[in-house]
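Asks: Here you go, this is work.cif (mmCIF, C-alpha atoms).
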data_final
#
loop_
_atom_site.group_PDB
_atom_site.id
_atom_site.type_symbol
_atom_site.label_atom_id
_atom_site.label_comp_id
_atom_site.auth_asym_id
_atom_site.auth_seq_id
_atom_site.Cartn_x
_atom_site.Cartn_y
_atom_site.Cartn_z
ATOM 1 C CA MET A 23 0.000 0.000 0.000
ATOM 2 C CA ALA A 24 1.475 3.319 -1.003
ATOM 3 C CA THR A 25 -0.755 5.528 1.093
ATOM 4 C CA ARG A 26 -3.208 4.919 3.915
ATOM 5 C CA SER A 27 -6.118 5.605 1.593
ATOM 6 C CA LEU A 28 -5.128 3.765 -1.587
ATOM 7 C CA PRO A 29 -4.004 0.150 -2.081
ATOM 8 C CA LEU A 30 -0.689 -0.026 -3.882
ATOM 9 C CA ARG A 31 -2.168 -1.435 -7.096
ATOM 10 C CA ALA A 32 -4.858 1.249 -7.258
ATOM 11 C CA ALA A 33 -2.365 3.977 -6.449
ATOM 12 C CA LEU A 34 0.006 2.639 -9.106
ATOM 13 C CA LEU A 35 -2.730 2.613 -11.725
ATOM 14 C CA LEU A 36 -3.776 6.101 -10.693
ATOM 15 C CA SER A 37 -0.218 7.365 -10.978
ATOM 16 C CA LEU A 38 -0.052 5.919 -14.489
ATOM 17 C CA GLY A 39 -3.426 7.412 -15.422
ATOM 18 C CA LEU A 40 -5.009 3.986 -15.905
ATOM 19 C CA LEU A 41 -7.901 4.067 -13.453
ATOM 20 C CA PRO A 42 -11.349 4.875 -14.853
ATOM 21 C CA GLY A 43 -11.810 8.611 -14.856
ATOM 22 C CA ALA A 44 -8.165 9.310 -14.200
ATOM 23 C CA VAL A 45 -6.508 12.026 -16.247
ATOM 24 C CA PRO A 46 -3.091 11.024 -17.579
ATOM 25 C CA ALA A 47 -0.393 13.076 -15.923
ATOM 26 C CA GLN A 48 1.514 15.605 -17.965
ATOM 27 C CA GLY A 49 5.003 16.910 -17.411
ATOM 28 C CA VAL A 50 7.054 17.164 -14.248
ATOM 29 C CA VAL A 51 5.847 18.502 -10.935
ATOM 30 C CA ALA A 52 7.588 21.745 -10.048
ATOM 31 C CA GLU A 53 6.997 21.404 -6.295
ATOM 32 C CA ARG A 54 5.914 18.003 -5.018
ATOM 33 C CA PRO A 55 4.224 17.408 -1.667
ATOM 34 C CA ALA A 56 6.620 16.575 1.138
ATOM 35 C CA PRO A 57 6.991 12.935 2.252
ATOM 36 C CA PRO A 58 5.649 12.005 5.711
ATOM 37 C CA ALA A 59 7.294 13.833 8.608
ATOM 38 C CA ALA A 60 8.379 10.533 10.165
ATOM 39 C CA TRP A 61 10.273 9.758 6.957
ATOM 40 C CA THR A 62 12.152 13.033 6.722
ATOM 41 C CA ALA A 63 12.890 12.940 10.459
ATOM 42 C CA ALA A 64 14.585 9.533 10.196
ATOM 43 C CA PRO A 65 18.385 9.844 9.824
ATOM 44 C CA PHE A 66 19.655 9.172 6.312
ATOM 45 C CA VAL A 67 22.913 7.303 5.724
ATOM 46 C CA PRO A 68 24.176 7.249 2.111
ATOM 47 C CA LEU A 69 25.268 3.890 0.728
ATOM 48 C CA TRP A 70 28.067 5.140 -1.441
ATOM 49 C CA THR A 71 30.782 7.769 -1.311
ATOM 50 C CA GLY A 72 30.762 9.585 -4.621
ATOM 51 C CA THR A 73 28.968 8.205 -7.664
ATOM 52 C CA PRO A 74 27.201 4.844 -7.166
ATOM 53 C CA PRO A 75 28.493 1.895 -9.229
ATOM 54 C CA GLY A 76 28.109 2.280 -12.962
ATOM 55 C CA GLY A 77 26.815 5.837 -13.035
ATOM 56 C CA GLY A 78 24.612 7.112 -15.817
ATOM 57 C CA PHE A 79 21.670 8.442 -13.784
ATOM 58 C CA ARG A 80 19.005 10.199 -15.858
ATOM 59 C CA PRO A 81 15.989 11.725 -14.077
ATOM 60 C CA VAL A 82 12.530 10.742 -15.277
ATOM 61 C CA LYS A 83 9.326 12.737 -15.511
ATOM 62 C CA VAL A 84 7.207 12.467 -12.376
ATOM 63 C CA PRO A 85 3.434 12.304 -12.915
ATOM 64 C CA ALA A 86 1.699 15.382 -11.543
ATOM 65 C CA ASP A 87 -0.638 13.297 -9.377
ATOM 66 C CA SER A 88 2.063 10.994 -8.003
ATOM 67 C CA PRO A 89 1.680 10.677 -4.209
ATOM 68 C CA ALA A 90 4.380 12.087 -1.967
ATOM 69 C CA THR A 91 4.967 8.552 -0.692
ATOM 70 C CA PHE A 92 6.108 7.393 -4.157
ATOM 71 C CA LEU A 93 9.821 8.157 -4.500
ATOM 72 C CA ARG A 94 11.465 8.425 -7.917
ATOM 73 C CA ASN A 95 14.683 9.949 -9.276
ATOM 74 C CA ILE A 96 16.893 8.339 -6.662
ATOM 75 C CA ASP A 97 20.414 9.446 -7.451
ATOM 76 C CA ARG A 98 21.620 9.140 -3.848
ATOM 77 C CA PRO A 99 20.667 5.729 -2.443
ATOM 78 C CA GLY A 100 20.897 5.129 1.267
ATOM 79 C CA LEU A 101 19.299 3.923 4.481
ATOM 80 C CA ARG A 102 16.596 5.649 6.532
ATOM 81 C CA VAL A 103 17.140 4.617 10.147
ATOM 82 C CA PHE A 104 14.234 4.021 12.548
ATOM 83 C CA ARG A 105 15.319 3.156 16.099
ATOM 84 C CA PRO A 106 13.123 1.588 18.802
ATOM 85 C CA ALA A 107 12.760 2.950 22.312
ATOM 86 C CA ARG A 108 14.201 -0.317 23.624
ATOM 87 C CA ALA A 109 16.238 -2.434 21.204
ATOM 88 C CA ASN A 110 15.901 -6.223 21.192
ATOM 89 C CA GLY A 111 19.310 -6.658 19.543
ATOM 90 C CA ALA A 112 17.997 -7.521 16.076
ATOM 91 C CA SER A 113 17.998 -5.432 12.877
ATOM 92 C CA VAL A 114 15.700 -5.519 9.843
ATOM 93 C CA LEU A 115 16.540 -4.173 6.394
ATOM 94 C CA VAL A 116 13.144 -3.177 4.936
ATOM 95 C CA ILE A 117 12.811 -2.949 1.145
ATOM 96 C CA PRO A 118 9.689 -1.120 -0.123
ATOM 97 C CA GLY A 119 7.996 -2.126 -3.348
ATOM 98 C CA GLY A 120 6.767 -0.081 -6.280
ATOM 99 C CA ALA A 121 7.268 -2.235 -9.402
ATOM 100 C CA TYR A 122 10.895 -1.029 -9.694
ATOM 101 C CA ASP A 123 9.200 2.162 -10.972
ATOM 102 C CA PHE A 124 9.049 4.020 -7.631
ATOM 103 C CA LEU A 125 9.537 3.301 -3.926
ATOM 104 C CA SER A 126 6.385 3.105 -1.823
ATOM 105 C CA ILE A 127 7.631 4.561 1.466
ATOM 106 C CA GLY A 128 4.266 4.914 3.254
ATOM 107 C CA ASN A 129 2.856 1.606 4.389
ATOM 108 C CA GLU A 130 5.944 -0.266 3.167
ATOM 109 C CA GLY A 131 8.411 2.079 4.836
ATOM 110 C CA VAL A 132 7.197 4.367 7.610
ATOM 111 C CA ASP A 133 4.331 2.197 8.859
ATOM 112 C CA ILE A 134 6.166 -1.113 8.936
ATOM 113 C CA SER A 135 9.086 0.595 10.669
ATOM 114 C CA GLY A 136 6.761 1.819 13.406
ATOM 115 C CA ARG A 137 5.312 -1.637 13.934
ATOM 116 C CA LEU A 138 8.733 -3.262 14.053
ATOM 117 C CA ASN A 139 10.152 -0.550 16.327
ATOM 118 C CA ALA A 140 7.346 -1.274 18.792
ATOM 119 C CA LEU A 141 8.600 -4.871 18.918
ATOM 120 C CA GLY A 142 12.176 -3.751 19.578
ATOM 121 C CA TYR A 143 13.685 -4.064 16.091
ATOM 122 C CA THR A 144 16.105 -1.502 14.725
ATOM 123 C CA VAL A 145 14.900 -0.805 11.183
ATOM 124 C CA TYR A 146 16.778 0.407 8.144
ATOM 125 C CA VAL A 147 14.618 1.227 5.117
ATOM 126 C CA LEU A 148 16.567 0.787 1.888
ATOM 127 C CA VAL A 149 16.277 3.719 -0.504
ATOM 128 C CA TYR A 150 17.515 1.893 -3.580
ATOM 129 C CA ARG A 151 18.095 3.078 -7.127
ATOM 130 C CA LEU A 152 15.463 2.384 -9.745
ATOM 131 C CA PRO A 153 16.883 0.456 -12.717
ATOM 132 C CA GLY A 154 14.974 2.430 -15.364
ATOM 133 C CA GLU A 155 16.550 5.755 -14.402
ATOM 134 C CA GLY A 156 19.537 5.515 -16.710
ATOM 135 C CA TRP A 157 21.913 3.440 -14.602
ATOM 136 C CA ALA A 158 24.416 1.151 -16.297
ATOM 137 C CA ASN A 159 23.803 -2.593 -15.898
ATOM 138 C CA ARG A 160 20.212 -1.926 -14.859
ATOM 139 C CA SER A 161 19.441 -5.468 -13.701
ATOM 140 C CA ASP A 162 22.310 -5.315 -11.180
ATOM 141 C CA VAL A 163 21.575 -1.853 -9.774
ATOM 142 C CA PRO A 164 19.017 -2.789 -7.078
ATOM 143 C CA LEU A 165 21.130 -5.754 -5.921
ATOM 144 C CA GLN A 166 24.207 -3.522 -5.708
ATOM 145 C CA ASP A 167 22.340 -1.295 -3.266
ATOM 146 C CA ALA A 168 20.812 -4.226 -1.353
ATOM 147 C CA GLN A 169 24.167 -5.953 -0.846
ATOM 148 C CA ARG A 170 25.802 -2.719 0.242
ATOM 149 C CA GLY A 171 22.848 -1.905 2.511
ATOM 150 C CA LEU A 172 22.935 -5.298 4.255
ATOM 151 C CA ARG A 173 26.673 -4.973 4.792
ATOM 152 C CA MET A 174 26.204 -1.513 6.300
ATOM 153 C CA VAL A 175 23.411 -2.750 8.586
ATOM 154 C CA ARG A 176 25.639 -5.566 9.826
ATOM 155 C CA ALA A 177 28.526 -3.157 10.372
ATOM 156 C CA ALA A 178 26.253 -0.766 12.289
ATOM 157 C CA ALA A 179 24.979 -3.608 14.482
ATOM 158 C CA GLY A 180 28.488 -4.353 15.657
ATOM 159 C CA LYS A 181 29.136 -0.697 16.442
ATOM 160 C CA ASP A 182 25.777 -0.084 18.169
ATOM 161 C CA GLY A 183 25.799 -3.075 20.489
ATOM 162 C CA LEU A 184 23.314 -5.052 18.389
ATOM 163 C CA ASP A 185 23.838 -8.610 17.197
ATOM 164 C CA PRO A 186 25.432 -8.694 13.706
ATOM 165 C CA HIS A 187 24.164 -12.279 13.364
ATOM 166 C CA ARG A 188 20.528 -11.283 13.851
ATOM 167 C CA VAL A 189 19.982 -9.273 10.693
ATOM 168 C CA ALA A 190 16.877 -9.957 8.592
ATOM 169 C CA VAL A 191 15.650 -8.581 5.276
ATOM 170 C CA LEU A 192 11.949 -7.876 4.676
ATOM 171 C CA GLY A 193 10.693 -6.903 1.231
ATOM 172 C CA PHE A 194 7.319 -6.032 -0.287
ATOM 173 C CA SER A 195 6.197 -6.752 -3.874
ATOM 174 C CA ALA A 196 9.095 -5.733 -6.192
ATOM 175 C CA GLY A 197 11.008 -5.102 -2.966
ATOM 176 C CA GLY A 198 10.194 -8.728 -2.195
ATOM 177 C CA HIS A 199 11.863 -9.692 -5.464
ATOM 178 C CA LEU A 200 14.913 -7.714 -4.415
ATOM 179 C CA ALA A 201 14.889 -9.325 -0.951
ATOM 180 C CA ALA A 202 14.618 -12.769 -2.580
ATOM 181 C CA THR A 203 17.474 -11.870 -4.925
ATOM 182 C CA LEU A 204 19.572 -10.752 -1.961
ATOM 183 C CA GLU A 205 18.910 -13.936 0.030
ATOM 184 C CA THR A 206 19.835 -16.147 -2.925
ATOM 185 C CA ASP A 207 22.541 -14.035 -4.641
ATOM 186 C CA PHE A 208 24.138 -12.263 -1.676
ATOM 187 C CA ALA A 209 27.570 -13.373 -2.910
ATOM 188 C CA GLN A 210 27.070 -12.604 -6.606
ATOM 189 C CA PRO A 211 29.735 -10.078 -7.705
ATOM 190 C CA VAL A 212 27.782 -7.061 -8.940
ATOM 191 C CA TYR A 213 30.132 -4.184 -8.099
ATOM 192 C CA PRO A 214 33.862 -3.732 -7.437
ATOM 193 C CA PRO A 215 34.605 -3.578 -3.677
ATOM 194 C CA ARG A 216 35.261 -0.050 -2.473
ATOM 195 C CA ASP A 217 36.236 -0.342 1.183
ATOM 196 C CA ALA A 218 36.300 -2.588 4.245
ATOM 197 C CA THR A 219 32.494 -2.639 4.392
ATOM 198 C CA ASP A 220 32.431 -4.617 1.166
ATOM 199 C CA ARG A 221 34.343 -7.433 2.860
ATOM 200 C CA ILE A 222 31.383 -7.999 5.237
ATOM 201 C CA ASP A 223 29.079 -10.926 4.517
ATOM 202 C CA ALA A 224 25.915 -9.733 2.700
ATOM 203 C CA ARG A 225 23.895 -12.865 3.533
ATOM 204 C CA PRO A 226 20.831 -12.011 5.637
ATOM 205 C CA ASP A 227 20.222 -14.304 8.617
ATOM 206 C CA ALA A 228 16.522 -14.539 7.687
ATOM 207 C CA ALA A 229 14.239 -13.210 4.965
ATOM 208 C CA ALA A 230 10.572 -12.208 4.806
ATOM 209 C CA LEU A 231 8.909 -11.869 1.404
ATOM 210 C CA ILE A 232 5.554 -10.075 1.521
ATOM 211 C CA TYR A 233 3.401 -10.522 -1.619
ATOM 212 C CA PRO A 234 6.675 -10.784 -3.550
ATOM 213 C CA VAL A 235 7.381 -10.771 -7.245
ATOM 214 C CA ILE A 236 9.453 -13.930 -7.780
ATOM 215 C CA ALA A 237 9.000 -14.911 -11.420
ATOM 216 C CA ALA A 238 10.889 -12.820 -13.962
ATOM 217 C CA ALA A 239 8.982 -14.176 -16.960
ATOM 218 C CA PRO A 240 5.356 -14.937 -17.932
ATOM 219 C CA PRO A 241 2.917 -16.270 -16.991
ATOM 220 C CA PHE A 242 3.380 -15.349 -13.337
ATOM 221 C CA THR A 243 5.666 -12.316 -13.361
ATOM 222 C CA HIS A 244 4.473 -8.756 -12.767
ATOM 223 C CA GLY A 245 4.967 -7.181 -16.179
ATOM 224 C CA LEU A 246 5.946 -3.646 -15.150
ATOM 225 C CA SER A 247 8.400 -4.885 -12.516
ATOM 226 C CA ALA A 248 10.082 -7.204 -15.010
ATOM 227 C CA GLU A 249 10.255 -4.533 -17.724
ATOM 228 C CA ARG A 250 11.715 -1.909 -15.390
ATOM 229 C CA LEU A 251 14.348 -4.307 -14.048
ATOM 230 C CA LEU A 252 15.327 -6.207 -17.174
ATOM 231 C CA GLY A 253 14.411 -3.875 -20.012
ATOM 232 C CA PRO A 254 11.788 -4.376 -22.735
ATOM 233 C CA LYS A 255 13.291 -7.449 -24.440
ATOM 234 C CA PRO A 256 15.533 -9.379 -22.032
ATOM 235 C CA ASP A 257 17.220 -12.519 -23.276
ATOM 236 C CA ALA A 258 16.755 -15.872 -21.580
ATOM 237 C CA ALA A 259 20.068 -15.658 -19.721
ATOM 238 C CA LEU A 260 19.135 -12.319 -18.134
ATOM 239 C CA VAL A 261 15.706 -13.601 -17.102
ATOM 240 C CA ALA A 262 17.335 -16.660 -15.538
ATOM 241 C CA ARG A 263 19.877 -14.492 -13.707
ATOM 242 C CA ARG A 264 17.100 -12.572 -11.969
ATOM 243 C CA SER A 265 14.782 -15.503 -11.190
ATOM 244 C CA PRO A 266 15.494 -16.029 -7.471
ATOM 245 C CA ALA A 267 13.463 -19.241 -7.097
ATOM 246 C CA ASP A 268 15.971 -20.866 -9.457
ATOM 247 C CA HIS A 269 18.886 -19.740 -7.272
ATOM 248 C CA VAL A 270 17.866 -21.270 -3.936
ATOM 249 C CA THR A 271 20.704 -23.340 -2.448
ATOM 250 C CA ALA A 272 21.751 -24.845 0.859
ATOM 251 C CA THR A 273 22.994 -21.385 1.890
ATOM 252 C CA THR A 274 19.643 -19.614 1.411
ATOM 253 C CA PRO A 275 18.471 -18.361 4.828
ATOM 254 C CA PRO A 276 15.183 -19.294 6.542
ATOM 255 C CA THR A 277 12.320 -17.587 4.724
ATOM 256 C CA PHE A 278 8.881 -16.275 5.714
ATOM 257 C CA LEU A 279 6.298 -15.878 2.936
ATOM 258 C CA LEU A 280 3.000 -13.972 3.027
ATOM 259 C CA HIS A 281 0.541 -13.613 0.138
ATOM 260 C CA ALA A 282 -3.188 -13.030 -0.370
ATOM 261 C CA MET A 283 -4.914 -15.500 -2.658
ATOM 262 C CA ASP A 284 -6.971 -12.679 -4.195
ATOM 263 C CA ASP A 285 -3.868 -10.697 -5.200
ATOM 264 C CA GLY A 286 -4.595 -9.730 -8.794
ATOM 265 C CA ALA A 287 -1.447 -7.689 -9.337
ATOM 266 C CA VAL A 288 1.238 -10.150 -8.207
ATOM 267 C CA VAL A 289 -0.388 -13.568 -8.304
ATOM 268 C CA PRO A 290 0.256 -15.930 -5.361
ATOM 269 C CA ASP A 291 1.926 -18.417 -7.730
ATOM 270 C CA ASN A 292 5.045 -16.304 -7.117
ATOM 271 C CA SER A 293 5.187 -17.214 -3.431
ATOM 272 C CA LEU A 294 4.165 -20.790 -4.200
ATOM 273 C CA ALA A 295 7.134 -21.097 -6.566
ATOM 274 C CA MET A 296 9.530 -19.739 -3.942
ATOM 275 C CA MET A 297 8.116 -22.063 -1.296
ATOM 276 C CA ALA A 298 8.534 -25.062 -3.602
ATOM 277 C CA ALA A 299 12.139 -24.100 -4.370
ATOM 278 C CA LEU A 300 12.969 -23.734 -0.672
ATOM 279 C CA ARG A 301 11.401 -27.121 0.089
ATOM 280 C CA ARG A 302 13.338 -28.809 -2.717
ATOM 281 C CA ALA A 303 16.551 -27.402 -1.266
ATOM 282 C CA GLY A 304 15.611 -28.490 2.255
ATOM 283 C CA ARG A 305 15.610 -24.921 3.524
ATOM 284 C CA PRO A 306 13.373 -23.713 6.384
ATOM 285 C CA VAL A 307 10.258 -21.933 5.135
ATOM 286 C CA GLU A 308 7.044 -20.724 6.732
ATOM 287 C CA ALA A 309 4.269 -19.616 4.383
ATOM 288 C CA HIS A 310 0.946 -17.889 5.066
ATOM 289 C CA PHE A 311 -1.674 -17.600 2.332
ATOM 290 C CA LEU A 312 -4.641 -15.380 3.151
ATOM 291 C CA ALA A 313 -8.089 -15.653 1.587
ATOM 292 C CA GLU A 314 -8.300 -11.901 1.078
ATOM 293 C CA GLY A 315 -6.135 -8.835 1.212
ATOM 294 C CA GLY A 316 -5.364 -8.056 -2.414
ATOM 295 C CA HIS A 317 -2.026 -6.472 -3.214
ATOM 296 C CA GLY A 318 -0.094 -3.804 -1.393
ATOM 297 C CA PHE A 319 -1.826 -4.096 1.977
ATOM 298 C CA GLY A 320 1.399 -3.317 3.821
ATOM 299 C CA VAL A 321 0.876 -3.720 7.565
ATOM 300 C CA GLY A 322 -2.779 -4.476 6.790
ATOM 301 C CA SER A 323 -6.142 -3.564 8.265
ATOM 302 C CA SER A 324 -6.806 -4.638 11.846
ATOM 303 C CA THR A 325 -10.234 -5.909 10.749
ATOM 304 C CA LEU A 326 -8.695 -8.597 8.493
ATOM 305 C CA PRO A 327 -6.196 -11.415 9.068
ATOM 306 C CA ALA A 328 -3.835 -9.431 6.828
ATOM 307 C CA GLY A 329 -3.569 -6.913 9.661
ATOM 308 C CA HIS A 330 -1.947 -9.338 12.093
ATOM 309 C CA TRP A 331 0.967 -10.762 10.165
ATOM 310 C CA VAL A 332 3.644 -8.555 11.755
ATOM 311 C CA GLU A 333 3.218 -10.269 15.126
ATOM 312 C CA THR A 334 3.301 -13.688 13.425
ATOM 313 C CA PHE A 335 6.489 -12.700 11.609
ATOM 314 C CA ASP A 336 8.020 -11.527 14.886
ATOM 315 C CA ARG A 337 7.362 -14.868 16.588
ATOM 316 C CA TRP A 338 8.745 -16.758 13.588
ATOM 317 C CA LEU A 339 11.867 -14.584 13.415
ATOM 318 C CA GLN A 340 12.630 -14.915 17.111
ATOM 319 C CA ARG A 341 12.365 -18.712 16.808
ATOM 320 C CA GLU A 342 14.712 -18.765 13.816
ATOM 321 C CA PHE A 343 17.248 -16.537 15.576
ATOM 322 C CA ALA A 344 17.085 -18.778 18.644
ATOM 323 C CA LYS A 345 17.768 -21.888 16.518
ATOM 324 C CA ALA A 346 20.856 -20.269 15.047
ATOM 325 C CA ASN A 347 22.385 -19.523 18.453
#
Show me this structure written as C-alpha cells.
Replies:
Amino acid sequence: MATRSLPLRAALLLSLGLLPGAVPAQGVVAERPAPPAAWTAAPFVPLWTGTPPGGGFRPVKVPADSPATFLRNIDRPGLRVFRPARANGASVLVIPGGAYDFLSIGNEGVDISGRLNALGYTVYVLVYRLPGEGWANRSDVPLQDAQRGLRMVRAAAGKDGLDPHRVAVLGFSAGGHLAATLETDFAQPVYPPRDATDRIDARPDAAALIYPVIAAAPPFTHGLSAERLLGPKPDAALVARRSPADHVTATTPPTFLLHAMDDGAVVPDNSLAMMAALRRAGRPVEAHFLAEGGHGFGVGSSTLPAGHWVETFDRWLQREFAKAN
C-alpha cells in the first residue's frame, strides 16, 4: 500500500493514469508534496561515497498526481534509520515495493518501521536506485544497493551493540523480489569492492517476502516490474539471472512468505514457486496464504487477518534466531 487511503495497485494505476476517470499526468511537478514527517525525520545514511556503481543516472518525468509517498529519481541511495525505544538486539533491512518504478515509502516504509520498532527491532529502510533511471547494468543496480545496505546494517549492528548475526531482510512486492534476490545471490559479484564494508558478509540471517514478485517471466511475473528491471526485451540468460526461485541453495536463509490469494497484481503463484524451491533445497520456510487482502496491503487492516501478520512474523523470526544460536 502506497498511502493509507489507496491500495498499492490502485495507487500505481492512478499514478499511471489507468484508473477509470483518471486524467493522464503531464510533465514534471515543479513542487511536489513533502513525504511524511516521520520519513524526513529519520536519519539518512548514504550507501556510497561519490557516484554509485556504474553511473549514468538520468531523471525521469514524475506524474503530476504521483503521491508524496512514491519516491522516484533516486540518485543518492541510502538507508533511513528508525530506532526503537528499547532495542531487542535484532535489525531488519526493509525494502519497499513499487514495481521497480518508484519506492512506496508509506505503508511499506514508515508504517512497517513503526510496527517493528514497537517490537524492539532496529529498522533500516533501503532507498535503492530504480533500474529504469539511466543506470548502467540496470538489472544489477538494485542488488548492488541491497548488498551494500545489508553490509552496512551488519557493520552498524556491531558498532551499536546489536547482534550482527541477527539481521533480517523484509521486502514487499518488487522489494520482495529484491529481498529474494539478496537472500539467494548475496555473494554474486555485482560491483567492485570499495572499502572494508564490502568485505562484510551480505547474507541475511533470515528473509521475509511479503506478496513478492518472484518470477521474472510470464505467466506469473508482474509485467511492469520485469520490464523496469530487465528492459523491454531481455534474453533468456538475463531472465534466468534474476529468477530467485531458481537460485535457492543450501545457503539460502530461513524464509517467511505472506501472500493473499486474491492478489490480482502479483499472483500468489510467485510465493508458491519460492516455497517449492525452498522445500526442494531443504531450507526452512514458513508460508501464510490469506483468503483476502489483495495487493499492497502493507501492515494491513486490523479488521482482516492481513492486519496481524507482523506479530506472526516476529514470533517466527525470534524462533529462527534462537535456533541459530
Asks: How many Å separate CA of Gly322 (chain A) from CA of Ala287 (chain A)?
Replies: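 Those two atoms sit 16.5 Å apart.
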Asks: For Asp185 (chain A), which residue among A:Pro164, A:Phe343, A:Leu326, A:Ile134 is the nearest when counting all atoms listed in the file?
Replies: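 Answer, going by the shortest atom-to-atom distance: A:Phe343.
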Asks: Would you translate the PyMOL selection byres ((chain A and resi 62-67) around 7) into the concrete set of residues it matches in this file, as a PDB file with C-alpha atoms, in the coordinates of the input?
Replies:
ATOM      1  CA  PRO A  57       6.991  12.935   2.252  1.00  0.00           C
ATOM      2  CA  PRO A  58       5.649  12.005   5.711  1.00  0.00           C
ATOM      3  CA  ALA A  59       7.294  13.833   8.608  1.00  0.00           C
ATOM      4  CA  ALA A  60       8.379  10.533  10.165  1.00  0.00           C
ATOM      5  CA  TRP A  61      10.273   9.758   6.957  1.00  0.00           C
ATOM      6  CA  PRO A  68      24.176   7.249   2.111  1.00  0.00           C
ATOM      7  CA  LEU A  69      25.268   3.890   0.728  1.00  0.00           C
ATOM      8  CA  GLY A 100      20.897   5.129   1.267  1.00  0.00           C
ATOM      9  CA  LEU A 101      19.299   3.923   4.481  1.00  0.00           C
ATOM     10  CA  ARG A 102      16.596   5.649   6.532  1.00  0.00           C
ATOM     11  CA  VAL A 103      17.140   4.617  10.147  1.00  0.00           C
ATOM     12  CA  PHE A 104      14.234   4.021  12.548  1.00  0.00           C
TER      13      PHE A 104
END
Asks: Which residues come within 10 Å of Asn139 (chain A), counting only C-alpha atoms, excluding same-chain residues fewer than 6 positions away, as a JSON list (two decimals) with C-alpha atoms, keeping the file's coordinate frame?
Replies:
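File written: result_26.json
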[["chain", "number", "residue", "atom", "x", "y", "z"],
["A", 104, "PHE", "CA", 14.23, 4.02, 12.55],
["A", 105, "ARG", "CA", 15.32, 3.16, 16.10],
["A", 106, "PRO", "CA", 13.12, 1.59, 18.80],
["A", 107, "ALA", "CA", 12.76, 2.95, 22.31],
["A", 108, "ARG", "CA", 14.20, -0.32, 23.62],
["A", 109, "ALA", "CA", 16.24, -2.43, 21.20],
["A", 110, "ASN", "CA", 15.90, -6.22, 21.19],
["A", 113, "SER", "CA", 18.00, -5.43, 12.88],
["A", 114, "VAL", "CA", 15.70, -5.52, 9.84],
["A", 133, "ASP", "CA", 4.33, 2.20, 8.86],
["A", 145, "VAL", "CA", 14.90, -0.80, 11.18]]
Asks: In Å, with one decimal, what is the gap from CA of Tyr233 (chain A) to CA of Thr203 (chain A)?
Replies: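 Atom-to-atom, CA of Tyr233 (chain A) and CA of Thr203 (chain A) are spaced 14.5 Å apart.
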Asks: Residue by residue, what does the PyMOL selection byres ((chain A and resi 252) around 10) grab here? Present the result as a list in words.
Replies: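 With the shown file as input, the PyMOL selection byres ((chain A and resi 252) around 10) matches Pro153, Gly154, Asn159, Arg160, Ser161, Asp162, Ala238, Leu246, Ser247, Ala248, Glu249, Arg250, Leu251, Gly253, Pro254, Lys255, Pro256, Asp257, Leu260, Val261 and Arg264 of chain A.
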Asks: Which of these, A:Phe319, A:Tyr143, A:Tyr122, A:Phe92, has the shortest distance to Ala179 (chain A) once you count only C-alpha atoms?
Replies: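 Between A:Phe319, A:Tyr143, A:Tyr122, A:Phe92, the residue approaching Ala179 (chain A) most closely is A:Tyr143.
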Asks: Using all atoms listed in the file, pick whichever of A:Phe311, A:Tyr213, A:Tyr150, A:Trp70 has the shortest atom-to-atom distance to His281 (chain A).
Replies: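 The closest residue to His281 (chain A) is A:Phe311.
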Asks: Between CA of Leu115 (chain A) and CA of Pro99 (chain A), what is the spacing in Å?
Replies: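 Between CA of Pro99 (chain A) and CA of Leu115 (chain A) the gap is 13.9 Å.
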Asks: Could you tell me which of A:Leu200, A:Phe208, A:Thr144, A:Asn95 comes closest to Gly156 (chain A) if we count all atoms listed in the file?
Replies: A:Asn95
Asks: Using all atoms listed in the file, which residue out of A:Val189, A:Leu172, A:Ile232, A:Ala224 lies closest to Pro118 (chain A)?
Replies: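 Of the candidates, the smallest distance to Pro118 (chain A) is held by A:Ile232.
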Asks: Going by the chain IDs and residue numbers used in this file, which residues fall under the PyMOL selection byres ((chain A and resi 186) around 10)? Write them as a list in words.
Replies: Gly111, Ala112, Ser113, Arg173, Val175, Arg176, Ala177, Ala178, Ala179, Gly180, Lys181, Asp182, Gly183, Leu184, Asp185, His187, Arg188, Val189, Pro226 and Asp227 of chain A
